[in-house]
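Worksheet for the structure shown next.
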Amino acid sequence: MKKILGIGNALVDVIIPIKDASFLQRYSLMPGSMQLVDRSFSDTIMDDTELLEKTFISGGSAANAISGIARMGVETGFIGKTGDDHLGKLYHTDLMAEGVHSQLLEGEIPTGRCIALVTPDSERTFATWLGSAVTLTPEELTLDMFTGWDIVHVEGFLVQDHKLLRKIAQLTKEAGAKFSLDLASYNVVEDNLEFLHSIVTDYVDIVFANEDEARAATGKEPEEAVRLMGNLVETAIVKIGAQGSLVVSGDDFIRMPAIDAKRIDTTGAGDLYAAGFLYEMAAGSSLKKMAKTGTLLATRVISQYGARIPNEKWRSIRSEAEQ
């Protein structure tokens, strides 16, 4: 079984149920949106909700994927940056509890947090302060951190830091590992298109995208987009929501339908798809099996709230994946 390392923004999700949307209006937050905010704004919301119930869950795109892979039984690790505070300690504890080898670095500012304000209709509105997560520098990464891993899975939000992503790509290749990249957000793709094309062409082996990201990267609709990306990398995946996913690897083309399920919260669907796909890749499974298990994990995470599937559900998921 191959071993998988993840790299991304180490953020703690702070889930806060609120009475109604008037709270959002007070802070000019559009219901259902995701907004980057500064520390002062984030602190103010935390202070204003001091008496409300809060749930703290370690998050971040790559970490969500790595958590899922670890739960499936693969040896995993994670590189990210937190602060020297209680949220940073929570993040480290959560990784260890999931069986993930922690390579967390410590920054001088607090741990990043993603505040999820949940209205009674279950809609989530996000206010994200990245904190220490975005202070990770190329100079802090060394070859020994990458040595011994077979696949390095990187979240696309790091594409915005060109020097950092290039260093990650170079160290991944020096370590002899496969480079897996999740494109993460269509606007990040649009803003960094030339650089992204260079990185994908020169370094990336596995690329994950949803249809909007694939369209931003290639200007084409999903099937043509996945084939174009498949010409640049060993394995290309385009997720097309309720229609399933498309996968190209060499001459092989897979169209994997979605599994019928109640969609409660799509947060983490792409991350858990990557988890299932990479788990099967680590196990040496067929391309069809990779796509099938990716779909299974994505389906399970959207049938609940949040991007982490509860502990008690993993045994049945592992059993179902073996069928």
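Each chain of the structure tokens is named A, B, ... in the order shown, its residues numbered from 1; ligands are numbered from 1 in display order.
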Sorted by chain and rising residue number, which residues of range 27-116 of chain A lie within 6 Å of range 13-17 of chain A, and what are their closest atom pairs and distances in Å to one decimal, counting only C-alpha atoms, as a Markdown table?
```
| residue | atom | partner | partner_atom | distance |
| --- | --- | --- | --- | --- |
| A:Lys54 | CA | A:Ile16 | CA | 5.0 |
| A:Thr55 | CA | A:Ile15 | CA | 5.0 |
| A:Phe56 | CA | A:Val14 | CA | 4.8 |
| A:Ile57 | CA | A:Asp13 | CA | 5.1 |
| A:Ser58 | CA | A:Asp13 | CA | 5.9 |
| A:Gly59 | CA | A:Asp13 | CA | 5.8 |
| A:Arg113 | CA | A:Asp13 | CA | 5.8 |
| A:Cys114 | CA | A:Asp13 | CA | 4.7 |
| A:Ile115 | CA | A:Val14 | CA | 4.7 |
| A:Ala116 | CA | A:Ile15 | CA | 4.7 |
```
Legend entry - Nearby residues (only C-alpha atoms) at most 8 Å from Lys288 in chain A, same-chain spacing under 2 positions excluded, as a list in words: Ile254, Met256, Ser286, Met290, Ala291 and Lys292 of chain A
Inset, instruction - Find the spatial neighbours of Thr76 in chain A, counting only C-alpha atoms, within a cut-off of 7 Å - ignore same-chain residues fewer than 5 positions away - and output them as a PyMOL selection string. - result: chain A and resi 3-5+66+70+100-101
Inset, instruction - Please indicate the distance in Å from CA of Thr111 in chain A to CA of Leu87 in chain A, rounded to one decimal place. - result: 6.1 Å
Legend entry - Shell around Ala63 in chain A at 8 Å using only C-alpha atoms, local window under 6 positions removed, as a PyMOL selection string: chain A and resi 6-10+78
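CA of Gly88 in chain A sits 19.8 Å away from CA of Phe126 in chain A.
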Shell of 7 Å around range 203-212 of chain A, only C-alpha atoms, local chain residues under 2 positions omitted, as a short mmCIF file (atom, residue, chain, number, x, y, z; two decimals) with N, CA and C atoms, in the first residue's frame:
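Result written to around-v3.cif:
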```cif
data_model
loop_
_atom_site.label_atom_id
_atom_site.label_comp_id
_atom_site.auth_asym_id
_atom_site.auth_seq_id
_atom_site.Cartn_x
_atom_site.Cartn_y
_atom_site.Cartn_z
N ALA A 169 6.35 21.37 -5.64
CA ALA A 169 6.45 20.54 -6.84
C ALA A 169 7.86 19.98 -7.01
N LYS A 178 4.50 10.97 -6.68
CA LYS A 178 3.53 11.51 -7.63
C LYS A 178 2.94 12.80 -7.06
N PHE A 179 2.69 13.76 -7.93
CA PHE A 179 2.13 15.06 -7.51
C PHE A 179 0.66 15.10 -7.90
N SER A 180 -0.20 15.15 -6.87
CA SER A 180 -1.65 15.25 -7.07
C SER A 180 -2.10 16.65 -6.71
N LEU A 181 -2.84 17.30 -7.61
CA LEU A 181 -3.28 18.68 -7.39
C LEU A 181 -4.79 18.78 -7.56
N ASP A 182 -5.46 19.32 -6.54
CA ASP A 182 -6.88 19.63 -6.64
C ASP A 182 -7.01 21.12 -6.95
N LEU A 183 -7.67 21.47 -8.04
CA LEU A 183 -7.70 22.86 -8.48
C LEU A 183 -8.47 23.79 -7.55
N TYR A 186 -12.54 27.88 -9.09
CA TYR A 186 -12.43 28.36 -10.47
C TYR A 186 -11.80 29.76 -10.54
N ILE A 199 2.90 24.68 -14.17
CA ILE A 199 3.08 23.69 -13.10
C ILE A 199 2.48 22.34 -13.50
N VAL A 200 1.28 22.36 -14.07
CA VAL A 200 0.63 21.11 -14.47
C VAL A 200 1.46 20.40 -15.53
N THR A 201 1.93 21.15 -16.51
CA THR A 201 2.72 20.55 -17.60
C THR A 201 4.03 19.97 -17.10
N ALA A 214 -12.52 23.11 -14.40
CA ALA A 214 -12.06 22.55 -15.68
C ALA A 214 -12.34 23.52 -16.82
N ARG A 215 -13.49 24.15 -16.77
CA ARG A 215 -13.84 25.14 -17.80
C ARG A 215 -12.90 26.35 -17.74
N ALA A 216 -12.59 26.79 -16.52
CA ALA A 216 -11.67 27.92 -16.35
C ALA A 216 -10.27 27.56 -16.85
N PRO A 222 -17.00 19.75 -19.78
CA PRO A 222 -16.34 18.69 -19.03
C PRO A 222 -15.65 17.58 -19.81
N VAL A 233 -1.33 15.23 -18.10
CA VAL A 233 -1.01 14.51 -16.87
C VAL A 233 -1.32 13.01 -17.02
N GLU A 234 -0.87 12.23 -16.05
CA GLU A 234 -1.13 10.78 -16.10
C GLU A 234 -2.61 10.48 -15.89
N THR A 235 -3.24 11.20 -14.95
CA THR A 235 -4.64 10.94 -14.63
C THR A 235 -5.36 12.26 -14.39
N ALA A 236 -6.46 12.47 -15.09
CA ALA A 236 -7.26 13.69 -14.93
C ALA A 236 -8.68 13.32 -14.55
N ILE A 237 -9.22 14.07 -13.59
CA ILE A 237 -10.57 13.81 -13.09
C ILE A 237 -11.37 15.11 -13.14
N VAL A 238 -12.56 15.07 -13.71
CA VAL A 238 -13.48 16.21 -13.66
C VAL A 238 -14.77 15.73 -13.01
N LYS A 239 -15.12 16.37 -11.89
CA LYS A 239 -16.33 16.03 -11.15
C LYS A 239 -17.48 16.89 -11.67
N ILE A 240 -18.60 16.26 -11.98
CA ILE A 240 -19.71 16.99 -12.60
C ILE A 240 -20.98 16.89 -11.74
#
```
Legend entry - Residue set, range 29-229 of chain A restricted to strand (DSSP E), as a PyMOL selection string: chain A and resi 34-36+55-59+76-83+100-107+111-118+124-131+151-155+178-182+206-210
Inset, instruction - Report the distance between CA of Ile18 in chain A and CA of Asp48 in chain A in Å, rounded to one decimal place. - result: 11.1 Å
Legend entry - Counting only C-alpha atoms, the residue of A:Glu322, A:Glu190, A:Asp260, A:Glu140 that sits nearest Ala298 in chain A: A:Asp260
Inset, instruction - Extract the full set of helix (DSSP H, G or I) residues from range 127-203 of chain A according to DSSP on the backbone, and format it as JSON, numbers by chain. - result: {"A": [132, 133, 134, 135, 138, 139, 140, 143, 144, 145, 146, 156, 157, 158, 159, 160, 162, 163, 164, 165, 166, 167, 168, 169, 170, 171, 172, 173, 174, 186, 187, 188, 189, 190, 191, 193, 194, 195, 196, 197, 198, 199, 200, 201, 202]}
Legend entry - Phe277 in chain A environment, 6 Å, only C-alpha atoms, sequence neighbours closer than 2 positions dropped, as a PyMOL selection string: chain A and resi 274-275+279-280+290-291+294
Serialized selection, C-alpha atoms, as a tab-separated table (two decimals), in the first residue's frame:
```tsv
chain	number	residue	atom	x	y	z
A	274	ALA	CA	-10.18	12.77	-3.90
A	275	ALA	CA	-9.79	10.72	-0.71
A	279	TYR	CA	-7.06	5.48	-1.50
A	280	GLU	CA	-7.76	3.08	-4.36
A	290	MET	CA	-10.80	4.61	-8.02
A	291	ALA	CA	-13.71	6.58	-9.46
A	294	GLY	CA	-14.30	8.44	-4.83
```
Inset, instruction - Rank nothing, just name the residue among A:Ile317, A:Ala21, A:Met72, A:Ala184 nearest to Val154 in chain A, using only C-alpha atoms. - result: A:Ala184
Inset, instruction - Would you please work out which residue, of A:Val74, A:Ala282, A:Met145, A:Leu232, is nearest to Gln103 in chain A when using only C-alpha atoms? - result: A:Met145
Contacts between range 155-159 of chain A and range 212-311 of chain A, please, where a residue of range 212-311 of chain A counts if it comes within 12 Å (with only C-alpha atoms); show its shortest atom pair and distance in Å to one decimal, rows by chain and ascending number, as a tab-separated table.
```
residue	atom	partner	partner_atom	distance
A:Glu213	CA	A:Gly156	CA	10.3
A:Gly270	CA	A:Glu155	CA	10.8
A:Asp271	CA	A:Glu155	CA	9.1
A:Ala274	CA	A:Glu155	CA	10.6
```
Using the selection just defined, write its residues with N, CA and C atoms as a compact mmCIF listing (two decimals), in the first residue's frame.
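The resulting selection.txt:
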```
# COMPACT_ATOMS: atom_id res chain seq x y z
N GLU A 213 -14.00 24.61 -12.58
CA GLU A 213 -12.53 24.72 -12.59
C GLU A 213 -11.96 24.21 -13.90
N GLY A 270 -15.80 17.37 -2.93
CA GLY A 270 -14.63 17.18 -3.78
C GLY A 270 -13.44 16.62 -3.01
N ASP A 271 -13.28 17.05 -1.75
CA ASP A 271 -12.18 16.57 -0.93
C ASP A 271 -12.31 15.07 -0.67
N ALA A 274 -11.63 12.96 -3.75
CA ALA A 274 -10.18 12.77 -3.90
C ALA A 274 -9.66 11.72 -2.93
```
